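Chemist: Here's a structure for you.
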Amino acid sequence: MTVATDPAYVTDALIAEDIDAYLTAHQHKTMLRFITCGSVDDGKSTLIGRLLYDTKMIFEDQLASLERDSKSVGTQGGEIDFALLVDGLAAEREQGITIDVAYRFFATEKRKFIVADTPGHEQYTRNMVTGASTADLAVVLIDARQGVLTQTRRHSYLVNLLGIRNIVLAINKMDLVGYSQARFDEIVEDYARFAKQIGMAAFTPIPISGLKGDNIATKSPDMPWYQGPALLRHLEEAPINTTRLQDHAFRMPVQWVNRPNLDFRGFAGQIGTGEVRPGDAIRVLPSGKTTRVKSIVSFDGDLPLAVAGQSVTLTFADEVDCSRGDVIVAADNPCEVADQFEATLVWMDEHEMLPGRPYLLKIGTQTVTATVTEPKYEVNVNTLEHLASKTLGLNAIGVVNIATDRAIPFEAYASNPDLGGFILIDRMTNATVAAGMIHFALRRSQNIHWQAVDISREAHAAQKAQKPAVVWFTGLSGSGKSTIANIVEKKLHALGRHTFLLDGDNVRHGLNRDLGFTDADRVENIRRVGEVARLMTDAGLIVLTAFISPFRSERRMVRELMAEGEFIEVWVNTPLEVAEGRDVKGLYRKARAGQLKNFTGIDSPYEPPEAAEIVVDTVTLSAEEAAERVVNAILSR
Amino acid sequence: MTTPVPPPAEGVSLTHLQRLEAESIHILREVVANADNPVMLYSVGKDSAVMLHLAKKAFYPAPPPFPLLHVDTTWKFRAMYDMREKAAREAGMELIVHQNPEALARGINPFDHGGLHTDMWKTEGLKQALTKYNFDVAFGGARRDEEKSRAKERVFSFRTANHRWDPKNQRPELWKLYNTRKAKGESIRVFPISNWTELDIWQYIHLEGIDIVPLYFSAPRPTVTRGDLLLMVDDDRFRLEPGEVPVMRSVRFRTLGCYPLSGAVESTATTLPQVIQEMLLTTTSERQGRAIDHDQAASMEKKKQEGYF
C-alpha cells in the first residue's frame, strides 16, 4: 500500500487559466468553524495535518522541513508524519505555557474552514469548551481499534452541552482494522446508544484514515461499502449556525451608540438572530420602549435588509433611550427579561467558585453583577452521574441558580447562544472564571415584565428640584452613624429638600425581620436596603442610610445599583476602642461576654472603605460639625 | 415565551468575507465601548490597510474614534511614508509617528546592528509610544495564520504594566464575549483580523477596492542580492559592496517592513488579480521574505514576550 500524498483537492487549473473567474467564485464561499475532539492517540493531529496538506495549505518550504522532521523525529518510519504540522503541544508542555486552543485555517473551492484544535485530556476541558463555543460543527475522533472510550463520551457530552448540532463521528485508523465494515457498524451502534442517552439528536459517522488519506479529500477505494461522502465533502455541505439563527426572531445587543453629531444617533451591534428591515417595529429591552427602524446605515450606503451575523448600525424613527447593553428585539416577539436563572456552569479558574460572592456576568454586550448559589449538582463528565457538591473547581461542570443585580434580556442558550451564553469574571483579579449557559428563568422572575413608565426618574427629580442621591453611612456599631444621619436629614428638610432616612434597626423590625446576623444574612440585608434606596432615588428622593454594612463588596454592590454620581459613601470613622467605650446600646459588652455572635469589630470583620466620598472623624468632630460637612457635600454636587 | 418566526423568503448566506468582516467590526466596537484611550497600530502594510478599512466601516458615519500610531524606524520604503500620510488624511484620523529617540541618537540601522535594529526601533519604540501617550488598548494587524506561535494567540492579548506578554495569564475567549477588564497600568493588544488568512486579505482588498502601497505590485526596481534575499535599493543609505551596481529587476513585495530587511520576489504581477494568482501558485510561505524570522528558532514567541507584536 502506498501513502497517498498527492494533494487532491485544489483546482490549480482555474487559478492559472482564469484568475478573475476563480476570484469571483471564491468571493461567494461560505465559512465553517469546527472543532476536532480526540486525544493524541486518536490521530487528531494527523487528521488536521492531512486536511491542511490535502487542501494545499502546506507550502514547499514547510513541506521540506516536514519531510526532514518526519525522518528525524517522526513516528511513521520515515514516511510523512502529518502530526508534526500541528503538534506544538509537547513543546508547550515543556515550556510551561498554557496548553491552549490553536486555530488553523484551510479552504476548498466552496468554503473557508477555521479549525479549533484543542487538547483532549480531562484537565483541558475548559480549552475544549472555549473551542466549541464558536464552532458550527464538531468532529469527534475515534480510534477504530479502541471504539467508544470514556474520553469519547466526555468530548461528545461537551460538544452537545455547547449546543453544536452537527456532529461527525470520524472513525479513524480504518486501515489498521482491515477497512472492516463490521467493526465500523459495531462502533456506530455503540455510539448511537450513548448519543441517545445524552440527547444528541443526530450524528454523521464516516470511516477514515487520516494517515493514509482514506475518505478525507476523496472517497476511499478500500471501503466501497461506505456510501456517504468523504469528510471534506461533508464539511463543505454541513449547515452553518448563522444561517439557522436567521430563522429566529430579531435580536441585536447594542454594542455602542454612534453619535458623531447632534443630528445622528445610530445603534451599533452584531445581529444575533433573525433579520431586520427599515420600517420594522422594534422594542428596546429591558425598558420595553417601542419604535420603528428608520434605516440600516452602512459605509456602503443604506441597506434594505440585514441578517443574523452581520455587524450593523440602526437608526430609529423616534427618540428612544437605548444604550450599550440594551437588546433591540422584534416588537411583537420580544425575549424574556429576568434576574434569576438556572444555568450550567463550566468552571475555568484555579480558584474554586464561591457561592454568594458577587461576580461580574457578561452576556451579550451587558455586564452586571451576579451571585451564584451552591450547585444543585455537579456532573461527572466521564460517567454523566450527578454528584452533590458545595462548589465547582477547575474544569468542573455543574448546574446552579444565578441572581443578577438587575433584570436582563435573555433567551435559553439552546435556542439563542447569543443571549443565553455568558461568562463570569472575578471582580478582583479580572480573570474569566466560568462559562455559563442559561436554561430558563426561575419562576419568581419569569412572570414579572418590566413595565415602561411615562413619568421617568428625571421627571420625579425635576418636580422636586433636586438631584436624587443615596448617602450611605457606614461604620462600626456606636460610631455615630444614626446620630449624624438624623441631623443631616433635619438640616436638608429645613432647606426644603425631599429626603428619607433608612435606619438599620428600623428596617430590621419590618422589611428584614426574617434576617439574622450571619454573613449571608448581612449580605441579603444590604441588598434589600440597596434596592429600596434605589427605588426611592427613582422617586427623586435624597435617601440617607445608616447601616454598619461591614463588607466592601456589598457596599460596592449597592454603589453599582445607583446611577453614576448618585452614591455618596460616608465613612463614620470611629476607632473600635472609642465606639466600644461609648457602647450606647450595651452591645459591645454583650458581645465581649459571648452573648452576641458575629458582632462587627469583635468576632466579625469590618472592611473600611478605600475611597469613600466623605470621611468623618468623630473623635475630632462633633456630630453637628460632621453633619454640616456632609450636608455641604450633598448640596455642592 | 418566544416563538420562531418563519424563515425569510430568500435564504441569505453570509460569505466567508462577510462573516470575517462582521467579526472584526464587532471586535473594534467592543474595544471602543470599553477602552479609555485606544490606538490603532498602523504599519502601512496590506494588513494595516484592511484593519483601517474595517475601522472606517465599524464607526461610519463617524470617523474611527482613535488615532493611528506608526512606530517608525526611519528605514521604511519611501512609498510607505507617502501612503501613511494619505491613509490618515483620507480616514480623517490623527496620525502619531513615534521614533525611538535613543535609536535615532545612536544611529541604529539594519546594516550594523542586526537584531538590535528591531529591538530598539520596533519593540522599544512601541513600548515608549504606548507609555508616552498612555494608550490602554492597541489594535494590531497580526493574523493567526502567519506563524505557528500566533495560531494560539488570543484576540485580546493582555500585557503587564511593562508591556510584557505573559503566556500563562491569558483569558479564555468564549463565543464573542471578550473580557476587556484590566487593572491600572495593564494594557491590551487587540487583533481584529486574527481569523483572516493571507488569501482573505487579498480577496477583501480586491473586493473592496482598498488602496495599498504600490510596492505590492511588480515594477522595475533597483535591486541587489544578499544571500537568499533580493533587496531593493530604496535610497542612498543602502550599503553597496565595492563595485556593486544595483540591477533593475521586475519585482514586488509580499510583506513590507524596513527596506533593507524586506525580501522582494521577481514577478510580473501588476494587478491585484495577478498578485493573488501568483500568491496561490506560489510554493513558499509568506514570512519567508522577512529576515526577522530567520534570526533564531521560535523567535516570534520570544519577540512577543518582549513586547513586539
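Residues in the C-alpha cells are named by chain (A, B, ... in the order shown) and by number from 1 within that chain; ligands are numbered from 1 in the order shown.
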Could you pull out the residues in region 67-276 of chain A that DSSP calls strand (DSSP E) from the backbone, as JSON, numbers by chain?

Modeler: {"A": [102, 103, 104, 105, 106, 107, 111, 112, 113, 114, 115, 116, 117, 137, 138, 139, 140, 141, 142, 143, 166, 167, 168, 169, 170, 171, 172, 204, 205, 206, 207, 251, 252, 253, 256, 257, 258, 266, 267, 268, 269, 270, 275, 276]}

Chemist: Going by DSSP on the backbone, which bits of region 103-307 of chain A are helix (DSSP H, G or I)? Write them as a PDB file with N, CA and C atoms, in the first residue's frame, please.

Modeler:
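Output file selection_21.pdb is given in full below:
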```
ATOM      1  N   GLU A 122      -8.717  15.375  30.195  1.00  0.00           N
ATOM      2  CA  GLU A 122      -9.726  15.950  31.076  1.00  0.00           C
ATOM      3  C   GLU A 122      -9.297  17.291  31.650  1.00  0.00           C
ATOM      4  N   GLN A 123      -7.983  17.455  31.919  1.00  0.00           N
ATOM      5  CA  GLN A 123      -7.540  18.715  32.512  1.00  0.00           C
ATOM      6  C   GLN A 123      -7.628  19.884  31.536  1.00  0.00           C
ATOM      7  N   TYR A 124      -8.005  19.602  30.279  1.00  0.00           N
ATOM      8  CA  TYR A 124      -8.142  20.686  29.316  1.00  0.00           C
ATOM      9  C   TYR A 124      -9.591  20.892  28.895  1.00  0.00           C
ATOM     10  N   THR A 125     -10.522  20.459  29.763  1.00  0.00           N
ATOM     11  CA  THR A 125     -11.943  20.625  29.464  1.00  0.00           C
ATOM     12  C   THR A 125     -12.263  22.070  29.099  1.00  0.00           C
ATOM     13  N   ARG A 126     -11.687  23.023  29.862  1.00  0.00           N
ATOM     14  CA  ARG A 126     -12.028  24.427  29.587  1.00  0.00           C
ATOM     15  C   ARG A 126     -11.584  24.853  28.195  1.00  0.00           C
ATOM     16  N   ASN A 127     -10.441  24.301  27.732  1.00  0.00           N
ATOM     17  CA  ASN A 127      -9.971  24.652  26.398  1.00  0.00           C
ATOM     18  C   ASN A 127     -10.922  24.124  25.334  1.00  0.00           C
ATOM     19  N   MET A 128     -11.406  22.904  25.570  1.00  0.00           N
ATOM     20  CA  MET A 128     -12.329  22.338  24.594  1.00  0.00           C
ATOM     21  C   MET A 128     -13.633  23.127  24.568  1.00  0.00           C
ATOM     22  N   VAL A 129     -14.098  23.525  25.735  1.00  0.00           N
ATOM     23  CA  VAL A 129     -15.335  24.311  25.803  1.00  0.00           C
ATOM     24  C   VAL A 129     -15.148  25.639  25.070  1.00  0.00           C
ATOM     25  N   THR A 130     -13.990  26.249  25.247  1.00  0.00           N
ATOM     26  CA  THR A 130     -13.700  27.502  24.550  1.00  0.00           C
ATOM     27  C   THR A 130     -13.733  27.295  23.041  1.00  0.00           C
ATOM     28  N   GLY A 131     -13.061  26.258  22.576  1.00  0.00           N
ATOM     29  CA  GLY A 131     -13.039  25.987  21.138  1.00  0.00           C
ATOM     30  C   GLY A 131     -14.417  25.659  20.596  1.00  0.00           C
ATOM     31  N   ALA A 132     -15.212  24.945  21.397  1.00  0.00           N
ATOM     32  CA  ALA A 132     -16.538  24.529  20.940  1.00  0.00           C
ATOM     33  C   ALA A 132     -17.519  25.695  20.897  1.00  0.00           C
ATOM     34  N   SER A 133     -17.254  26.735  21.693  1.00  0.00           N
ATOM     35  CA  SER A 133     -18.245  27.814  21.801  1.00  0.00           C
ATOM     36  C   SER A 133     -18.474  28.535  20.473  1.00  0.00           C
ATOM     37  N   THR A 150     -14.126   6.295  27.321  1.00  0.00           N
ATOM     38  CA  THR A 150     -14.539   7.312  28.281  1.00  0.00           C
ATOM     39  C   THR A 150     -14.306   8.705  27.706  1.00  0.00           C
ATOM     40  N   GLN A 151     -13.126   8.856  27.107  1.00  0.00           N
ATOM     41  CA  GLN A 151     -12.758  10.149  26.524  1.00  0.00           C
ATOM     42  C   GLN A 151     -13.731  10.579  25.420  1.00  0.00           C
ATOM     43  N   THR A 152     -14.147   9.624  24.597  1.00  0.00           N
ATOM     44  CA  THR A 152     -15.111   9.915  23.535  1.00  0.00           C
ATOM     45  C   THR A 152     -16.405  10.435  24.129  1.00  0.00           C
ATOM     46  N   ARG A 153     -16.832   9.786  25.218  1.00  0.00           N
ATOM     47  CA  ARG A 153     -18.086  10.173  25.846  1.00  0.00           C
ATOM     48  C   ARG A 153     -17.993  11.588  26.408  1.00  0.00           C
ATOM     49  N   ARG A 154     -16.848  11.878  27.030  1.00  0.00           N
ATOM     50  CA  ARG A 154     -16.685  13.221  27.598  1.00  0.00           C
ATOM     51  C   ARG A 154     -16.703  14.285  26.509  1.00  0.00           C
ATOM     52  N   HIS A 155     -15.960  14.046  25.443  1.00  0.00           N
ATOM     53  CA  HIS A 155     -15.938  15.019  24.337  1.00  0.00           C
ATOM     54  C   HIS A 155     -17.331  15.219  23.753  1.00  0.00           C
ATOM     55  N   SER A 156     -18.052  14.118  23.596  1.00  0.00           N
ATOM     56  CA  SER A 156     -19.388  14.196  22.998  1.00  0.00           C
ATOM     57  C   SER A 156     -20.339  14.955  23.918  1.00  0.00           C
ATOM     58  N   TYR A 157     -20.213  14.690  25.213  1.00  0.00           N
ATOM     59  CA  TYR A 157     -21.056  15.406  26.181  1.00  0.00           C
ATOM     60  C   TYR A 157     -20.796  16.912  26.089  1.00  0.00           C
ATOM     61  N   LEU A 158     -19.530  17.296  25.997  1.00  0.00           N
ATOM     62  CA  LEU A 158     -19.169  18.719  25.965  1.00  0.00           C
ATOM     63  C   LEU A 158     -19.665  19.411  24.698  1.00  0.00           C
ATOM     64  N   VAL A 159     -19.473  18.796  23.550  1.00  0.00           N
ATOM     65  CA  VAL A 159     -19.913  19.481  22.316  1.00  0.00           C
ATOM     66  C   VAL A 159     -21.435  19.561  22.277  1.00  0.00           C
ATOM     67  N   ASN A 160     -22.093  18.564  22.838  1.00  0.00           N
ATOM     68  CA  ASN A 160     -23.549  18.603  22.914  1.00  0.00           C
ATOM     69  C   ASN A 160     -24.000  19.687  23.901  1.00  0.00           C
ATOM     70  N   LEU A 161     -23.291  19.803  25.006  1.00  0.00           N
ATOM     71  CA  LEU A 161     -23.588  20.831  26.008  1.00  0.00           C
ATOM     72  C   LEU A 161     -23.473  22.224  25.398  1.00  0.00           C
ATOM     73  N   MET A 174      -8.970   3.226  10.083  1.00  0.00           N
ATOM     74  CA  MET A 174      -9.662   2.091   9.469  1.00  0.00           C
ATOM     75  C   MET A 174      -8.667   1.152   8.796  1.00  0.00           C
ATOM     76  N   ASP A 175      -7.529   1.716   8.364  1.00  0.00           N
ATOM     77  CA  ASP A 175      -6.503   0.874   7.727  1.00  0.00           C
ATOM     78  C   ASP A 175      -5.970  -0.167   8.706  1.00  0.00           C
ATOM     79  N   LEU A 176      -6.034   0.144   9.999  1.00  0.00           N
ATOM     80  CA  LEU A 176      -5.490  -0.790  10.990  1.00  0.00           C
ATOM     81  C   LEU A 176      -6.494  -1.867  11.410  1.00  0.00           C
ATOM     82  N   VAL A 177      -7.756  -1.747  10.946  1.00  0.00           N
ATOM     83  CA  VAL A 177      -8.727  -2.818  11.220  1.00  0.00           C
ATOM     84  C   VAL A 177      -9.190  -3.436   9.899  1.00  0.00           C
ATOM     85  N   GLN A 181     -16.086  -3.275   7.591  1.00  0.00           N
ATOM     86  CA  GLN A 181     -17.401  -2.673   7.752  1.00  0.00           C
ATOM     87  C   GLN A 181     -18.048  -3.127   9.057  1.00  0.00           C
ATOM     88  N   ALA A 182     -17.816  -4.369   9.419  1.00  0.00           N
ATOM     89  CA  ALA A 182     -18.423  -4.901  10.640  1.00  0.00           C
ATOM     90  C   ALA A 182     -17.952  -4.099  11.863  1.00  0.00           C
ATOM     91  N   ARG A 183     -16.647  -3.799  11.888  1.00  0.00           N
ATOM     92  CA  ARG A 183     -16.106  -3.039  13.014  1.00  0.00           C
ATOM     93  C   ARG A 183     -16.711  -1.630  13.049  1.00  0.00           C
ATOM     94  N   PHE A 184     -16.804  -1.017  11.860  1.00  0.00           N
ATOM     95  CA  PHE A 184     -17.403   0.311  11.737  1.00  0.00           C
ATOM     96  C   PHE A 184     -18.834   0.302  12.274  1.00  0.00           C
ATOM     97  N   ASP A 185     -19.630  -0.657  11.815  1.00  0.00           N
ATOM     98  CA  ASP A 185     -21.037  -0.736  12.219  1.00  0.00           C
ATOM     99  C   ASP A 185     -21.173  -0.934  13.725  1.00  0.00           C
ATOM    100  N   GLU A 186     -20.286  -1.736  14.259  1.00  0.00           N
ATOM    101  CA  GLU A 186     -20.315  -2.021  15.698  1.00  0.00           C
ATOM    102  C   GLU A 186     -20.100  -0.740  16.508  1.00  0.00           C
ATOM    103  N   ILE A 187     -19.112   0.050  16.085  1.00  0.00           N
ATOM    104  CA  ILE A 187     -18.811   1.293  16.796  1.00  0.00           C
ATOM    105  C   ILE A 187     -19.956   2.292  16.658  1.00  0.00           C
ATOM    106  N   VAL A 188     -20.516   2.376  15.456  1.00  0.00           N
ATOM    107  CA  VAL A 188     -21.630   3.314  15.223  1.00  0.00           C
ATOM    108  C   VAL A 188     -22.809   2.965  16.121  1.00  0.00           C
ATOM    109  N   GLU A 189     -23.093   1.685  16.216  1.00  0.00           N
ATOM    110  CA  GLU A 189     -24.225   1.242  17.033  1.00  0.00           C
ATOM    111  C   GLU A 189     -23.992   1.583  18.508  1.00  0.00           C
ATOM    112  N   ASP A 190     -22.769   1.344  18.928  1.00  0.00           N
ATOM    113  CA  ASP A 190     -22.372   1.623  20.304  1.00  0.00           C
ATOM    114  C   ASP A 190     -22.520   3.123  20.608  1.00  0.00           C
ATOM    115  N   TYR A 191     -22.052   3.941  19.664  1.00  0.00           N
ATOM    116  CA  TYR A 191     -22.092   5.390  19.858  1.00  0.00           C
ATOM    117  C   TYR A 191     -23.529   5.906  19.828  1.00  0.00           C
ATOM    118  N   ALA A 192     -24.363   5.302  18.971  1.00  0.00           N
ATOM    119  CA  ALA A 192     -25.758   5.745  18.848  1.00  0.00           C
ATOM    120  C   ALA A 192     -26.489   5.597  20.188  1.00  0.00           C
ATOM    121  N   ARG A 193     -26.197   4.507  20.895  1.00  0.00           N
ATOM    122  CA  ARG A 193     -26.817   4.296  22.212  1.00  0.00           C
ATOM    123  C   ARG A 193     -26.445   5.428  23.161  1.00  0.00           C
ATOM    124  N   PHE A 194     -25.158   5.774  23.133  1.00  0.00           N
ATOM    125  CA  PHE A 194     -24.672   6.833  24.012  1.00  0.00           C
ATOM    126  C   PHE A 194     -25.250   8.198  23.601  1.00  0.00           C
ATOM    127  N   ALA A 195     -25.291   8.444  22.289  1.00  0.00           N
ATOM    128  CA  ALA A 195     -25.814   9.724  21.784  1.00  0.00           C
ATOM    129  C   ALA A 195     -27.241   9.942  22.271  1.00  0.00           C
ATOM    130  N   LYS A 196     -28.017   8.869  22.238  1.00  0.00           N
ATOM    131  CA  LYS A 196     -29.409   8.947  22.668  1.00  0.00           C
ATOM    132  C   LYS A 196     -29.477   9.313  24.149  1.00  0.00           C
ATOM    133  N   GLN A 197     -28.583   8.710  24.905  1.00  0.00           N
ATOM    134  CA  GLN A 197     -28.540   8.924  26.354  1.00  0.00           C
ATOM    135  C   GLN A 197     -28.279  10.394  26.709  1.00  0.00           C
ATOM    136  N   LEU A 231     -14.977  13.054   4.127  1.00  0.00           N
ATOM    137  CA  LEU A 231     -15.064  14.045   5.205  1.00  0.00           C
ATOM    138  C   LEU A 231     -15.111  15.486   4.681  1.00  0.00           C
ATOM    139  N   LEU A 232     -14.200  15.835   3.772  1.00  0.00           N
ATOM    140  CA  LEU A 232     -14.165  17.213   3.270  1.00  0.00           C
ATOM    141  C   LEU A 232     -15.460  17.593   2.577  1.00  0.00           C
ATOM    142  N   ARG A 233     -15.998  16.667   1.805  1.00  0.00           N
ATOM    143  CA  ARG A 233     -17.262  16.930   1.111  1.00  0.00           C
ATOM    144  C   ARG A 233     -18.359  17.202   2.139  1.00  0.00           C
ATOM    145  N   HIS A 234     -18.371  16.411   3.193  1.00  0.00           N
ATOM    146  CA  HIS A 234     -19.376  16.611   4.233  1.00  0.00           C
ATOM    147  C   HIS A 234     -19.198  17.978   4.900  1.00  0.00           C
ATOM    148  N   LEU A 235     -17.946  18.337   5.174  1.00  0.00           N
ATOM    149  CA  LEU A 235     -17.679  19.632   5.808  1.00  0.00           C
ATOM    150  C   LEU A 235     -18.107  20.785   4.901  1.00  0.00           C
ATOM    151  N   GLU A 236     -18.005  20.567   3.605  1.00  0.00           N
ATOM    152  CA  GLU A 236     -18.392  21.618   2.663  1.00  0.00           C
ATOM    153  C   GLU A 236     -19.898  21.815   2.620  1.00  0.00           C
ATOM    154  N   GLU A 237     -20.637  20.784   3.008  1.00  0.00           N
ATOM    155  CA  GLU A 237     -22.086  20.869   2.841  1.00  0.00           C
ATOM    156  C   GLU A 237     -22.862  20.981   4.147  1.00  0.00           C
ATOM    157  N   ASN A 241     -24.281  27.702  11.543  1.00  0.00           N
ATOM    158  CA  ASN A 241     -25.130  28.231  12.611  1.00  0.00           C
ATOM    159  C   ASN A 241     -25.833  29.535  12.270  1.00  0.00           C
ATOM    160  N   THR A 242     -25.080  30.502  11.728  1.00  0.00           N
ATOM    161  CA  THR A 242     -25.688  31.812  11.499  1.00  0.00           C
ATOM    162  C   THR A 242     -26.873  31.715  10.551  1.00  0.00           C
ATOM    163  N   THR A 243     -26.812  30.758   9.633  1.00  0.00           N
ATOM    164  CA  THR A 243     -27.929  30.591   8.723  1.00  0.00           C
ATOM    165  C   THR A 243     -29.154  30.093   9.492  1.00  0.00           C
ATOM    166  N   ARG A 244     -28.928  29.148  10.408  1.00  0.00           N
ATOM    167  CA  ARG A 244     -30.021  28.652  11.229  1.00  0.00           C
ATOM    168  C   ARG A 244     -30.592  29.778  12.091  1.00  0.00           C
ATOM    169  N   LEU A 245     -29.718  30.636  12.619  1.00  0.00           N
ATOM    170  CA  LEU A 245     -30.159  31.677  13.541  1.00  0.00           C
ATOM    171  C   LEU A 245     -30.958  32.777  12.842  1.00  0.00           C
TER     172      LEU A 245
END
```

Chemist: Near Thr30 (chain A), counting only C-alpha atoms, which residues have an atom at most 6 Å away, once you skip same-chain residues fewer than 3 positions from it, shown as a PyMOL selection string?

Modeler: (chain A and resi 111) or (chain B and resi 15-16)

Chemist: Next, write the just-selected residues to a file, as a PDB file, in the first residue's frame, keeping C-alpha atoms as the atom set.

Modeler:
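Below you can see again.pdb, which holds the result:
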```pdb
ATOM      1  CA  ARG A 111     -15.674  27.010   1.880  1.00  0.00           C
TER       2      ARG A 111
ATOM      3  CA  THR B  15     -19.936  34.704   2.608  1.00  0.00           C
ATOM      4  CA  HIS B  16     -16.700  33.978   4.440  1.00  0.00           C
TER       5      HIS B  16
END
```

Chemist: I want to know what sits within 10 Å of region 287-297 of chain A, based on only C-alpha atoms, with residues of the same chain fewer than 5 positions away left out; could you give that as a PyMOL selection string?

Modeler: (chain A and resi 266-268+276-282+302-306+312-322+326-332+334+337+409+449-453) or (chain B and resi 60-61)

Chemist: Please write the residues from the selection above to a file, keeping N, CA and C atoms, as a CSV table (one decimal), in the first residue's frame.

Modeler:
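File selection-v2.csv, as written:
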```csv
chain,number,residue,atom,x,y,z
A,266,GLY,N,-27.0,56.5,16.0
A,266,GLY,CA,-27.0,55.2,15.5
A,266,GLY,C,-26.7,54.1,16.6
A,267,PHE,N,-27.4,53.0,16.5
A,267,PHE,CA,-27.2,51.9,17.5
A,267,PHE,C,-26.4,50.8,16.8
A,268,ALA,N,-25.2,50.6,17.2
A,268,ALA,CA,-24.3,49.7,16.5
A,268,ALA,C,-24.3,48.3,17.3
A,276,VAL,N,-33.6,42.2,9.9
A,276,VAL,CA,-34.2,43.5,10.2
A,276,VAL,C,-34.3,44.2,8.9
A,277,ARG,N,-35.4,45.0,8.7
A,277,ARG,CA,-35.6,45.8,7.5
A,277,ARG,C,-36.0,47.2,8.0
A,278,PRO,N,-35.7,48.3,7.2
A,278,PRO,CA,-36.2,49.6,7.6
A,278,PRO,C,-37.8,49.5,7.7
A,279,GLY,N,-38.3,50.2,8.7
A,279,GLY,CA,-39.8,50.1,8.9
A,279,GLY,C,-40.2,49.1,9.9
A,280,ASP,N,-39.3,48.1,10.3
A,280,ASP,CA,-39.7,47.1,11.3
A,280,ASP,C,-40.0,47.7,12.6
A,281,ALA,N,-41.1,47.2,13.3
A,281,ALA,CA,-41.4,47.7,14.6
A,281,ALA,C,-40.4,46.9,15.6
A,282,ILE,N,-39.8,47.7,16.5
A,282,ILE,CA,-38.8,47.0,17.4
A,282,ILE,C,-39.1,47.5,18.8
A,302,ASP,N,-27.2,52.9,2.7
A,302,ASP,CA,-28.2,52.3,3.5
A,302,ASP,C,-28.6,50.9,2.9
A,303,LEU,N,-28.9,50.0,3.8
A,303,LEU,CA,-29.2,48.6,3.4
A,303,LEU,C,-30.7,48.3,3.5
A,304,PRO,N,-31.2,47.5,2.6
A,304,PRO,CA,-32.6,47.2,2.6
A,304,PRO,C,-32.9,46.0,3.6
A,305,LEU,N,-31.9,45.3,4.0
A,305,LEU,CA,-32.1,44.1,4.8
A,305,LEU,C,-30.7,43.8,5.5
A,306,ALA,N,-30.8,43.3,6.8
A,306,ALA,CA,-29.6,42.8,7.4
A,306,ALA,C,-30.0,41.6,8.2
A,312,VAL,N,-24.0,45.8,12.2
A,312,VAL,CA,-24.8,46.9,11.5
A,312,VAL,C,-24.9,48.1,12.4
A,313,THR,N,-25.4,49.2,11.9
A,313,THR,CA,-25.8,50.4,12.7
A,313,THR,C,-27.3,50.7,12.3
A,314,LEU,N,-28.1,50.8,13.3
A,314,LEU,CA,-29.6,51.1,13.1
A,314,LEU,C,-29.9,52.5,13.6
A,315,THR,N,-30.8,53.2,12.8
A,315,THR,CA,-31.3,54.4,13.4
A,315,THR,C,-32.8,54.2,13.6
A,316,PHE,N,-33.4,54.9,14.6
A,316,PHE,CA,-34.8,54.8,15.0
A,316,PHE,C,-35.6,55.9,14.5
A,317,ALA,N,-36.9,55.6,14.3
A,317,ALA,CA,-37.9,56.7,13.9
A,317,ALA,C,-38.1,57.7,15.0
A,318,ASP,N,-38.0,57.2,16.3
A,318,ASP,CA,-38.3,58.2,17.4
A,318,ASP,C,-37.1,58.2,18.3
A,319,GLU,N,-37.1,59.3,19.1
A,319,GLU,CA,-36.0,59.4,20.1
A,319,GLU,C,-36.4,58.5,21.3
A,320,VAL,N,-35.7,57.4,21.3
A,320,VAL,CA,-36.0,56.4,22.4
A,320,VAL,C,-34.7,56.1,23.1
A,321,ASP,N,-34.7,56.1,24.4
A,321,ASP,CA,-33.5,55.8,25.2
A,321,ASP,C,-33.0,54.4,24.8
A,322,CYS,N,-31.7,54.3,24.5
A,322,CYS,CA,-31.2,53.0,24.2
A,322,CYS,C,-29.7,53.1,24.3
A,326,ASP,N,-28.3,47.2,26.2
A,326,ASP,CA,-29.8,47.0,25.9
A,326,ASP,C,-29.8,46.0,24.7
A,327,VAL,N,-31.0,45.4,24.5
A,327,VAL,CA,-31.1,44.5,23.4
A,327,VAL,C,-32.3,45.0,22.6
A,328,ILE,N,-32.1,45.1,21.3
A,328,ILE,CA,-33.2,45.5,20.3
A,328,ILE,C,-33.8,44.3,19.8
A,329,VAL,N,-35.2,44.1,20.0
A,329,VAL,CA,-35.8,42.9,19.6
A,329,VAL,C,-37.1,43.2,18.7
A,330,ALA,N,-37.6,42.2,18.1
A,330,ALA,CA,-38.8,42.4,17.3
A,330,ALA,C,-39.9,42.8,18.3
A,331,ALA,N,-40.7,43.9,17.9
A,331,ALA,CA,-41.6,44.4,18.9
A,331,ALA,C,-42.7,43.4,19.2
A,332,ASP,N,-43.1,42.6,18.3
A,332,ASP,CA,-44.2,41.7,18.5
A,332,ASP,C,-43.7,40.3,19.0
A,334,PRO,N,-40.8,39.8,21.5
A,334,PRO,CA,-39.6,40.1,22.3
A,334,PRO,C,-39.1,38.9,23.1
A,337,VAL,N,-37.3,39.0,30.0
A,337,VAL,CA,-36.4,39.8,30.9
A,337,VAL,C,-36.5,39.2,32.3
A,409,PRO,N,-32.3,41.1,29.5
A,409,PRO,CA,-33.0,40.3,28.5
A,409,PRO,C,-32.1,39.1,28.2
A,449,HIS,N,-42.9,41.3,34.1
A,449,HIS,CA,-42.4,42.0,33.0
A,449,HIS,C,-42.0,43.4,33.4
A,450,TRP,N,-41.0,44.0,32.8
A,450,TRP,CA,-40.6,45.3,33.2
A,450,TRP,C,-41.6,46.3,32.5
A,451,GLN,N,-42.3,47.0,33.3
A,451,GLN,CA,-43.3,47.9,32.7
A,451,GLN,C,-42.6,49.3,32.4
A,452,ALA,N,-42.7,49.7,31.2
A,452,ALA,CA,-42.2,51.0,30.9
A,452,ALA,C,-43.1,52.1,31.4
A,453,VAL,N,-42.6,53.1,32.2
A,453,VAL,CA,-43.4,54.1,32.8
A,453,VAL,C,-43.2,55.4,32.1
B,60,TYR,N,-18.7,54.2,10.9
B,60,TYR,CA,-19.4,55.1,10.0
B,60,TYR,C,-20.8,55.4,10.5
B,61,PRO,N,-21.3,56.7,10.4
B,61,PRO,CA,-20.7,57.8,9.7
B,61,PRO,C,-19.6,58.6,10.5
```

Chemist: Find the nearest atom pair between each residue of region 248-285 of chain A and region 19-34 of chain B for residues within 8 Å, count only C-alpha atoms, give distances in Å to one decimal, sort rows by chain and ascending number, and present the table as CSV.

Modeler:
```
residue,atom,partner,partner_atom,distance
A:Gln255,CA,B:Glu30,CA,6.6
A:Trp256,CA,B:Ala33,CA,5.9
A:Gly269,CA,B:His26,CA,7.0
A:Gln270,CA,B:His26,CA,6.5
```
